[in-house]
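In what follows, a single structure is set out as structure tokens and then discussed.
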Amino acid sequence: MKMDYAIVDEILNIKLKKPVKVVVPEYTVLGDPLQAFLTAFLSALKIGKRNKVDSIAKVDFTFTQAEIVTGFTDADDPEKQEQLRSVWENICIHTSGVLEFIDLPNWSYNGDSVSISCSDEGFFDIDKVAENIDGIVKTASGTNTLSKIKFAVRCLDANVMA
């Protein structure tokens, strides 16, 4: 028996659900580290609610780049490199432990516990200042007046974490 599925589809008129693509725009958060990271964390949960995400078990921060204002536009000579190291070290002192502090309360999303993590464990580690300067920490251009730390926030459910 042959069947014309186009006719069957026309008669039954079955609509298939299309997968929902969640596109999250890029945001800028300003302020001290506690305020900036807490704002990013709560915004991620809010976007999840808005997009009807059922479960979020973990919010993960991944740092991609740091552009540090030092007063110099390049860091080629040793004095400029030392200035960059000094400024980045100061930022690390003030920022180290902030994500762990934010993770202390028992955050929940739809009744399930939510934890906060950082993919780059040593990003703000005072012992890894030189290593990070050789990697993703750079001197900002001469037109910048604020240091910028770029990061991505990912929400993971229990299935993705396993």
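Labels for the structure tokens follow display order: chains A, B, ..., residues from 1 in each chain, ligands from 1.
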
Using only C-alpha atoms, tabulate the residues of stretch 37-80 of chain A lying at most 6 Å from any atom of stretch 149-153 of chain A, each with its closest atom pair and that distance in Å to one decimal, by chain and increasing residue number, as CSV.
residue,atom,partner,partner_atom,distance
A:Asp60,CA,A:Val153,CA,5.6
A:Phe61,CA,A:Val153,CA,4.7
A:Thr62,CA,A:Ala152,CA,5.2
A:Phe63,CA,A:Phe151,CA,4.1
A:Thr64,CA,A:Phe151,CA,5.3
A:Gln65,CA,A:Lys150,CA,5.2
A:Ala66,CA,A:Ile149,CA,4.3

Let me see the file: selected residues, C-alpha atoms, as a tab-separated table (two decimals), in the first residue's frame.
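Output contents, as saved in part36.tsv:
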chain	number	residue	atom	x	y	z
A	60	ASP	CA	29.88	29.02	35.04
A	61	PHE	CA	32.08	32.08	34.45
A	62	THR	CA	34.75	31.90	31.73
A	63	PHE	CA	37.17	34.81	31.45
A	64	THR	CA	38.31	35.59	27.91
A	65	GLN	CA	40.35	38.79	28.11
A	66	ALA	CA	41.44	41.57	30.43

Would you please extract all alpha helix (DSSP H) residues from stretch 90-141 of chain A, as assigned by DSSP on the backbone, and give them as an mmCIF file with C-alpha atoms, in the first residue's frame?
data_model
loop_
_atom_site.group_PDB
_atom_site.id
_atom_site.type_symbol
_atom_site.label_atom_id
_atom_site.label_comp_id
_atom_site.auth_asym_id
_atom_site.auth_seq_id
_atom_site.Cartn_x
_atom_site.Cartn_y
_atom_site.Cartn_z
ATOM 1 C CA ASN A 90 46.043 44.989 42.671
ATOM 2 C CA ILE A 91 42.944 43.899 40.729
ATOM 3 C CA CYS A 92 43.615 40.267 41.695
ATOM 4 C CA ILE A 93 43.907 41.200 45.380
ATOM 5 C CA HIS A 94 40.502 42.906 45.274
ATOM 6 C CA THR A 95 38.790 40.282 43.112
ATOM 7 C CA VAL A 98 34.522 37.084 45.019
ATOM 8 C CA LEU A 99 32.945 34.223 43.028
ATOM 9 C CA GLU A 100 33.417 31.857 45.977
ATOM 10 C CA PHE A 101 31.794 34.455 48.249
ATOM 11 C CA ILE A 102 28.797 34.839 45.916
ATOM 12 C CA VAL A 129 49.836 37.189 37.816
ATOM 13 C CA ALA A 130 52.887 36.800 35.548
ATOM 14 C CA GLU A 131 51.378 33.767 33.786
ATOM 15 C CA ASN A 132 48.135 35.635 33.059
ATOM 16 C CA ILE A 133 49.984 38.737 31.818
ATOM 17 C CA ASP A 134 51.756 36.510 29.306
#

DSSP strand (DSSP E or B) residues within stretch 1-110 of chain A, listed as an MDAnalysis selection string: chainID A and resid 58:68 108:109

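Atom pair atom CA of A:Ser43 / atom CA of A:Tyr27: separated by 9.4 Å.
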
Surrounding residues of A:Cys155 excluding itself and chain neighbours under 2 positions, 10 Å, only C-alpha atoms, as a ChimeraX atom specification: /A:41,44-45,47-48,53,55-61,114-116,153,157,160

Residue with smallest distance to A:Leu38 - pool A:Glu26, A:Asp103, A:Asp77, A:Glu89, counting only C-alpha atoms: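 Selected residue with least distance to A:Leu38: A:Asp103.
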